[in-house]
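Q: One file is attached below, start.txt, containing compact mmCIF, C-alpha atoms (C1' of nucleotides).
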# COMPACT_ATOMS: atom_id res chain seq x y z
CA MET A 953 -103.59 65.03 117.13
CA GLY A 954 -101.80 67.82 115.33
CA ARG A 955 -98.41 67.83 113.74
CA VAL A 956 -96.41 64.61 113.90
CA GLN A 957 -92.64 64.73 113.57
CA PHE A 958 -89.97 62.12 113.30
CA VAL A 959 -86.94 63.67 114.96
CA GLY A 960 -84.72 60.75 115.83
CA GLN A 961 -82.94 57.86 114.25
CA PRO A 962 -84.51 54.87 112.51
CA LEU A 963 -86.40 52.46 114.77
CA ARG A 964 -86.67 48.72 114.41
CA ARG A 965 -89.63 49.26 112.09
CA PRO A 966 -88.95 52.51 110.25
CA TRP A 967 -91.47 55.33 110.58
CA LYS A 968 -92.66 56.38 107.11
CA PRO A 969 -92.93 60.13 106.44
CA ALA A 970 -96.38 59.60 104.90
CA TRP A 971 -97.60 58.41 108.31
CA SER A 972 -96.93 61.82 109.83
CA ARG A 973 -99.30 63.39 107.31
CA ALA A 974 -101.85 60.60 107.73
CA CYS A 975 -101.99 61.12 111.51
CA PHE A 976 -102.75 64.82 111.27
CA GLY A 977 -106.17 65.64 112.67
CA LEU A 978 -106.85 62.16 114.04
CA CYS A 979 -107.79 61.47 117.68
CA ILE A 980 -106.81 58.66 120.00
CA GLN A 981 -110.11 56.93 120.69
CA SER A 982 -109.01 54.04 122.86
CA ILE A 983 -105.91 52.22 124.01
CA GLU A 984 -105.49 48.47 124.06
CA ARG A 985 -102.65 46.10 124.80
CA ARG A 986 -102.00 42.65 123.36
CA GLY A 987 -98.98 40.88 124.82
CA LYS A 988 -96.15 43.38 124.54
CA TRP A 989 -97.88 45.41 121.84
CA ILE A 990 -99.65 48.68 122.68
CA LEU A 991 -102.48 49.63 120.32
CA LEU A 992 -103.56 53.26 120.09
CA ASN A 993 -106.83 53.18 118.19
CA LEU A 994 -107.30 56.37 116.19
CA THR A 995 -110.25 57.89 114.37
CA SER A 996 -110.58 57.22 110.62
CA ASP A 997 -110.07 53.51 111.20
CA ARG A 998 -106.36 53.94 111.95
CA CYS A 999 -104.14 52.48 114.64
CA LEU A 1000 -100.70 53.22 116.05
CA ILE A 1001 -98.98 49.94 116.89
CA VAL A 1002 -96.31 50.47 119.53
CA HIS A 1003 -93.66 48.14 120.93
CA LEU A 1004 -91.41 49.47 123.67
CA GLY A 1005 -88.68 46.90 123.07
CA MET A 1006 -86.26 47.09 125.97
CA THR A 1007 -85.94 50.76 126.73
CA GLY A 1008 -88.83 52.42 124.92
CA ARG A 1009 -91.12 54.92 126.64
CA LEU A 1010 -94.27 56.71 125.60
CA LEU A 1011 -94.65 59.95 127.56
CA VAL A 1012 -96.96 62.93 127.46
CA ALA A 1013 -95.10 66.12 128.28
CA ASP A 1014 -95.28 69.86 128.00
CA ARG A 1015 -94.12 70.79 124.54
CA ARG A 1016 -91.89 73.52 125.90
CA THR A 1017 -89.88 71.23 128.15
CA GLN A 1018 -86.60 69.88 126.89
CA ARG A 1019 -86.89 66.65 124.98
CA PRO A 1020 -84.89 63.81 126.50
CA ALA A 1021 -82.06 62.31 124.50
CA HIS A 1022 -83.17 59.56 122.13
CA THR A 1023 -86.58 61.10 121.47
CA HIS A 1024 -87.64 59.75 118.07
CA LEU A 1025 -91.28 60.69 117.53
CA LEU A 1026 -93.44 63.65 118.55
CA PHE A 1027 -97.23 63.78 118.34
CA ASP A 1028 -98.80 67.18 119.05
CA LEU A 1029 -101.86 66.73 121.25
CA PRO A 1030 -105.04 68.84 121.18
CA SER A 1031 -103.95 70.81 124.23
CA ASP A 1032 -101.63 73.35 122.68
CA ARG A 1033 -99.11 72.67 125.40
CA GLN A 1034 -98.72 68.95 125.25
CA GLU A 1035 -97.12 66.38 123.04
CA MET A 1036 -96.73 62.61 123.16
CA ARG A 1037 -93.11 61.52 122.87
CA PHE A 1038 -91.67 58.18 121.89
CA ILE A 1039 -88.25 57.83 123.49
CA ASP A 1040 -86.02 54.81 123.04
CA PRO A 1041 -82.25 54.81 123.60
CA ARG A 1042 -81.62 51.35 122.19
CA ARG A 1043 -84.17 51.59 119.39
CA PHE A 1044 -85.43 48.04 119.85
CA GLY A 1045 -88.90 49.51 119.97
CA SER A 1046 -91.10 50.70 117.15
CA VAL A 1047 -94.17 52.72 116.25
CA THR A 1048 -96.09 52.01 113.06
CA LEU A 1049 -99.32 53.35 111.62
CA SER A 1050 -101.85 50.97 110.14
CA THR A 1051 -105.50 50.63 109.30
CA GLN A 1052 -107.60 48.50 111.62
CA THR A 1053 -107.59 45.76 108.99
CA GLU A 1054 -103.80 45.83 108.77
CA ARG A 1055 -103.60 45.88 112.54
CA ASN A 1056 -105.69 42.74 112.81
CA ARG A 1057 -103.70 41.04 110.08
CA PHE A 1058 -100.47 42.01 111.84
CA LEU A 1059 -101.63 40.57 115.16
CA GLY A 1060 -102.86 37.47 113.37
CA ARG A 1061 -99.48 36.91 111.75
CA ALA A 1062 -97.77 37.35 115.12
CA GLY A 1063 -99.99 34.49 116.31
CA LEU A 1064 -99.97 35.72 119.91
CA GLY A 1065 -101.16 33.26 122.50
CA PRO A 1066 -103.69 34.17 125.19
CA GLU A 1067 -102.99 36.71 127.90
CA PRO A 1068 -101.79 34.86 131.04
CA TRP A 1069 -105.04 35.37 132.95
CA GLN A 1070 -107.08 34.12 130.03
CA LEU A 1071 -105.12 30.92 129.87
CA ALA A 1072 -107.44 28.02 130.62
CA ASP A 1073 -105.89 25.26 132.71
CA ARG A 1074 -106.70 22.58 130.16
CA GLU A 1075 -105.43 24.63 127.19
CA TRP A 1076 -102.17 25.41 129.02
CA ARG A 1077 -101.64 21.78 129.95
CA GLN A 1078 -102.12 20.71 126.36
CA ALA A 1079 -99.77 23.39 125.04
CA LEU A 1080 -97.06 22.11 127.40
CA ARG A 1081 -97.75 18.47 126.67
CA ARG A 1082 -97.34 18.84 122.93
CA SER A 1083 -93.94 20.56 123.20
CA ARG A 1084 -90.58 18.90 123.66
CA ARG A 1085 -88.95 22.28 124.25
CA SER A 1086 -87.67 23.52 127.61
CA LEU A 1087 -90.08 25.38 129.86
CA LYS A 1088 -87.88 28.46 129.50
CA ALA A 1089 -88.25 28.44 125.71
CA ILE A 1090 -91.99 27.86 126.03
CA LEU A 1091 -92.49 30.77 128.42
CA LEU A 1092 -90.60 33.14 126.11
CA ASP A 1093 -92.63 32.03 123.08
CA GLN A 1094 -95.27 34.73 122.61
CA ARG A 1095 -97.38 32.34 120.53
CA ILE A 1096 -98.05 30.14 123.54
CA VAL A 1097 -98.64 32.78 126.20
CA ALA A 1098 -98.29 36.48 125.40
CA GLY A 1099 -96.44 39.04 127.46
CA LEU A 1100 -93.73 37.22 129.41
CA GLY A 1101 -90.13 38.36 129.05
CA ASN A 1102 -86.90 37.00 130.41
CA ILE A 1103 -87.22 38.31 133.96
CA TYR A 1104 -90.76 37.09 134.60
CA ALA A 1105 -90.08 33.74 132.93
CA ASP A 1106 -87.24 33.06 135.38
CA GLU A 1107 -89.16 34.34 138.39
CA SER A 1108 -92.26 32.30 137.49
CA LEU A 1109 -90.26 29.09 137.14
CA HIS A 1110 -88.63 29.63 140.50
CA GLN A 1111 -91.92 30.32 142.21
CA ALA A 1112 -93.36 27.16 140.64
CA ARG A 1113 -90.24 25.19 141.72
CA LEU A 1114 -89.69 23.93 138.18
CA SER A 1115 -86.40 23.69 136.32
CA PRO A 1116 -86.16 25.90 133.24
CA LEU A 1117 -84.64 22.84 131.54
CA LEU A 1118 -87.67 20.64 132.12
CA ARG A 1119 -89.39 19.78 128.84
CA GLY A 1120 -93.00 20.77 128.38
CA CYS A 1121 -94.06 17.21 127.57
CA ASP A 1122 -92.60 15.99 130.88
CA VAL A 1123 -94.63 18.33 133.06
CA THR A 1124 -97.35 16.76 135.21
CA GLN A 1125 -100.84 18.18 135.54
CA ALA A 1126 -100.07 19.52 139.00
CA GLN A 1127 -96.83 21.13 137.83
CA ALA A 1128 -98.54 22.78 134.86
CA ARG A 1129 -101.13 24.25 137.16
CA ARG A 1130 -98.47 25.44 139.59
CA LEU A 1131 -96.61 27.16 136.77
CA ARG A 1132 -99.72 28.87 135.44
CA LEU A 1133 -100.59 30.18 138.89
CA ALA A 1134 -96.99 31.26 139.50
CA ILE A 1135 -97.02 33.30 136.28
CA LEU A 1136 -100.19 35.08 137.40
CA ASN A 1137 -98.75 35.66 140.85
CA VAL A 1138 -95.46 37.05 139.61
CA LEU A 1139 -97.10 39.33 137.04
CA GLU A 1140 -99.69 40.64 139.48
CA ARG A 1141 -97.05 41.48 142.04
CA ALA A 1142 -94.78 43.07 139.43
CA ILE A 1143 -97.65 45.22 138.12
CA GLN A 1144 -98.50 46.21 141.69
CA LEU A 1145 -94.89 47.40 142.14
CA HIS A 1146 -94.80 49.17 138.74
CA GLY A 1147 -92.47 46.68 137.12
CA SER A 1148 -88.75 46.15 137.48
CA THR A 1149 -85.97 48.69 137.11
CA ILE A 1150 -82.71 46.82 136.72
CA ARG A 1151 -80.28 49.60 136.14
CA ASN A 1152 -80.67 53.28 136.65
CA PHE A 1153 -82.07 54.68 133.47
CA TYR A 1154 -80.43 57.88 132.53
CA TYR A 1155 -83.26 59.45 130.62
CA GLY A 1156 -86.71 60.90 131.07
CA GLU A 1157 -88.72 60.90 134.23
CA SER A 1158 -87.20 59.38 137.27
CA GLU A 1159 -89.82 57.03 138.62
CA THR A 1160 -88.72 53.43 138.84
CA GLY A 1161 -90.40 50.11 139.44
CA ASP A 1162 -89.77 48.18 142.63
CA TYR A 1163 -90.20 44.55 141.66
CA GLN A 1164 -86.45 44.09 141.31
CA LYS A 1165 -86.31 44.24 145.11
CA GLU A 1166 -88.32 41.02 145.19
CA PHE A 1167 -86.35 39.08 142.58
CA ARG A 1168 -85.75 35.53 143.74
CA VAL A 1169 -83.41 34.45 140.93
CA TYR A 1170 -83.11 37.03 138.15
CA ASP A 1171 -79.83 38.96 138.32
CA ARG A 1172 -78.91 37.01 141.48
CA ALA A 1173 -76.28 34.57 140.16
CA ASP A 1174 -73.96 33.28 142.91
CA GLN A 1175 -76.22 34.65 145.62
CA PRO A 1176 -78.13 32.43 148.06
CA CYS A 1177 -81.60 31.23 147.13
CA ARG A 1178 -84.11 32.98 149.36
CA ARG A 1179 -86.01 29.72 149.80
CA CYS A 1180 -83.31 27.10 150.40
CA ARG A 1181 -80.03 29.06 150.66
CA SER A 1182 -78.40 27.14 147.78
CA THR A 1183 -76.45 29.17 145.27
CA ILE A 1184 -78.39 30.63 142.33
CA HIS A 1185 -76.97 29.56 138.97
CA CYS A 1186 -76.99 31.38 135.66
CA MET A 1187 -76.82 29.64 132.31
CA ARG A 1188 -77.74 30.41 128.73
CA LEU A 1189 -80.94 28.77 127.59
CA ALA A 1190 -83.19 29.61 124.66
CA GLY A 1191 -80.69 32.33 123.81
CA ARG A 1192 -81.22 34.18 127.08
CA SER A 1193 -79.52 34.35 130.44
CA THR A 1194 -81.46 31.99 132.68
CA HIS A 1195 -81.29 32.19 136.46
CA PHE A 1196 -82.44 29.35 138.67
CA CYS A 1197 -81.86 27.53 141.92
CA PRO A 1198 -80.53 24.04 141.14
CA GLN A 1199 -81.71 22.83 144.56
CA CYS A 1200 -85.35 23.81 144.77
CA GLN A 1201 -85.98 23.91 141.02
CA MET A 1202 -84.60 20.45 140.57
CA LYS A 1203 -85.27 18.66 137.34
CA PRO A 1204 -86.94 15.30 138.03
CA LYS A 1205 -84.54 12.48 137.23
CA VAL A 1206 -87.19 9.94 136.42
CA ASP A 1207 -90.01 10.38 133.97
CA GLN A 1208 -92.96 9.45 136.15
CA ARG A 1209 -95.58 9.35 133.42
CA THR A 1210 -97.27 6.02 132.95
CA SER A 1211 -96.81 5.69 129.23
C1' DA B 822 -89.90 20.79 115.02
C1' DC B 823 -86.60 22.75 117.38
C1' DA B 824 -82.04 24.64 119.00
C1' DG B 825 -78.83 27.91 118.53
C1' DG B 826 -76.78 31.86 116.70
C1' DA B 827 -76.68 36.46 114.64
C1' DT B 828 -78.82 40.86 114.08
C1' DC B 829 -80.35 45.39 115.47
C1' DC B 830 -78.55 49.23 119.62
C1' DT B 831 -76.61 51.84 123.66
C1' DG B 832 -74.80 52.67 128.24
C1' DG B 833 -72.76 50.47 131.97
C1' DG B 834 -69.40 47.69 134.00
C1' DG B 835 -65.17 45.06 134.25
C1' DG B 836 -60.42 44.55 133.06
C1' DC B 837 -56.08 46.38 132.14
C1' DT C 11 -58.51 58.32 134.30
C1' DG C 12 -59.30 56.17 129.93
C1' DC C 13 -59.50 53.02 126.89
C1' DC C 14 -61.51 48.51 124.94
C1' DC C 15 -64.60 44.77 125.08
C1' DC C 16 -68.53 42.44 126.52
C1' DC C 17 -73.17 42.24 128.17
C1' DA C 18 -78.28 42.92 128.55
C1' DG C 19 -82.91 42.35 126.13
C1' DG C 20 -87.37 41.24 122.08
C1' DA C 21 -88.43 40.08 117.68
C1' DT C 22 -86.98 38.06 113.63
C1' DC C 23 -84.25 35.79 110.40
C1' DC C 24 -81.08 32.18 109.22
C1' DT C 25 -78.68 27.75 109.58
C1' DG C 26 -78.01 23.14 111.22
Can the structure in the file be given as structure tokens, please?

A:
Amino acid sequence: MGRVQFVGQPLRRPWKPAWSRACFGLCIQSIERRGKWILLNLTSDRCLIVHLGMTGRLLVADRRTQRPAHTHLLFDLPSDRQEMRFIDPRRFGSVTLSTQTERNRFLGRAGLGPEPWQLADREWRQALRRSRRSLKAILLDQRIVAGLGNIYADESLHQARLSPLLRGCDVTQAQARRLRLAILNVLERAIQLHGSTIRNFYYGESETGDYQKEFRVYDRADQPCRRCRSTIHCMRLAGRSTHFCPQCQMKPKVDQRTS
DNA sequence: ACAGGATCCTGGGGGC
DNA sequence: TGCCCCCAGGATCCTG
């Protein structure tokens, strides 16, 4: 990696000028992902920790092409024609440089839960059982399961036929399993379709995801449920818009546990 | 422990 | 058409 330039406006975690110098001459050795964090492992024991936030993008492009609006960071690549660009209109994202030790400490502090497909049935059940919070809040909590955002939380709950209001401690063994499998199902399908593009993004390359075409509840308030034809509701829960079908995601009225 | 709110930010959409 | 205002989201901090 050659010259590194900060050309934009401050990001959520400010890029320090010293990092540009520190990156010079380093190579990207491997790329990992943990939850919503992208880890670019560099030579010399360094790491670029990237979060895309809402609208962030990491693109490799010909250096001579016009930089899209809201380009904040440029990393010259070994090919003398290419550069890696960090673009982020809303600047909810961030890029930071750290040592591997700092990287591990950072991830440790974040306390990220397992990736969804590494979630053991028993471990998941116990995590739900010990929480009195709503399922929606639990799914958004990166410390319990890493990687779910608002869209996939809502879609997973609908597929599992569970109310977002249901408390973790009230979920039965069968329901917990259904939810875990629904999360896997929703994520696998979304990845297959390259994610969800909600609104037309006005910047950068034009490819879009297609999962939004398969939304069952998200962004479908007042429209009929595709399973039971009832009207999809939208409410605020855990600080986020929460879409659900009050008919087929009904909250059980009676606590059926044998105490 | 947990809920809820505010914060950061921008473009799009609705209302007038 | 052109304002103004609100909304969306992820992480994080603060208050109740």

Q: Can you pull out the residues contacting range 16-18 of chain C? Cut-off 9 Å, using all atoms listed in the file, and skip same-chain residues under 6 positions away; I want them as an MDAnalysis selection string.

A: (chainID A and resid 1193) or (chainID B and resid 834:835)

Q: Select all residues from chain A having any atom no more than 9 Å from an atom of chain B (counting only C-alpha atoms (C1' of nucleotides), ignoring ligands), output as a VMD selection string.

A: chain A and resid 964 1041 to 1044 1084 to 1085 1151 1154 1190 to 1191

Q: Residues of chain C no more than 10 Å from chain A, counting all atoms listed in the file: send them over as a compact mmCIF listing (two decimals) with C-alpha atoms (C1' of nucleotides), in the coordinates of the input.

A:
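New file result06.txt:
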# COMPACT_ATOMS: atom_id res chain seq x y z
C1' DA C 18 -78.28 42.92 128.55
C1' DG C 19 -82.91 42.35 126.13
C1' DG C 20 -87.37 41.24 122.08
C1' DA C 21 -88.43 40.08 117.68

Q: By how many Å are CA of Arg1132 in chain A and CA of Leu1117 in chain A apart?

A: 16.7 Å

Q: Report, in Å to a single decimal, how far apart CA of Arg1095 in chain A and CA of Leu1080 in chain A are.

A: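 So the answer is 12.3 Å.
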
Q: Tell me which protein, DNA and RNA residues are within 7 Å of Asp997 in chain A, counting all atoms listed in the file, leaving out same-chain ones fewer than 3 positions away, and put them as a list in words.

A: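 Close residues of Asp997 in chain A: Leu994, Thr1051 and Gln1052 of chain A.
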
Q: Could you please determine the separation between CA of Ala1105 in chain A and CA of His1022 in chain A in Å, to one decimal place?

A: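 Rounded to one decimal, the two atoms are 28.8 Å apart.
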
Q: Would you kindly return, as a PyMOL selection string, each protein, DNA or RNA residue with an atom no farther than 8 Å from any atom of Arg965 in chain A, considering all atoms listed in the file and excluding same-chain residues fewer than 6 positions away?

A: chain A and resi 1045-1048

Q: Print the selection's residues with C-alpha atoms to a file, as a tab-separated table (two decimals), keeping the file's coordinate frame.

A:
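In the end it all went to result-v9.tsv:
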chain	number	residue	atom	x	y	z
A	1045	GLY	CA	-88.90	49.51	119.97
A	1046	SER	CA	-91.10	50.70	117.15
A	1047	VAL	CA	-94.17	52.72	116.25
A	1048	THR	CA	-96.09	52.01	113.06

Q: Box for range 22-25 of chain C: with edges along x, y and z, all listed atoms inside and 4 Å added on each side, what are the centre and edge lengths in Å to one decimal, as AutoDock Vina command-line options?

A:
--center_x -82.8 --center_y 32.9 --center_z 111.4 --size_x 16.3 --size_y 18.3 --size_z 12.4

Q: Have a look at A:Leu1114, A:Ile1039, A:Cys1186, A:Cys1121 and name the one nearest to Arg1082 in chain A; count all atoms listed in the file.

A: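 Once distances to Arg1082 in chain A are computed over all atoms listed in the file, the minimum belongs to A:Cys1121.
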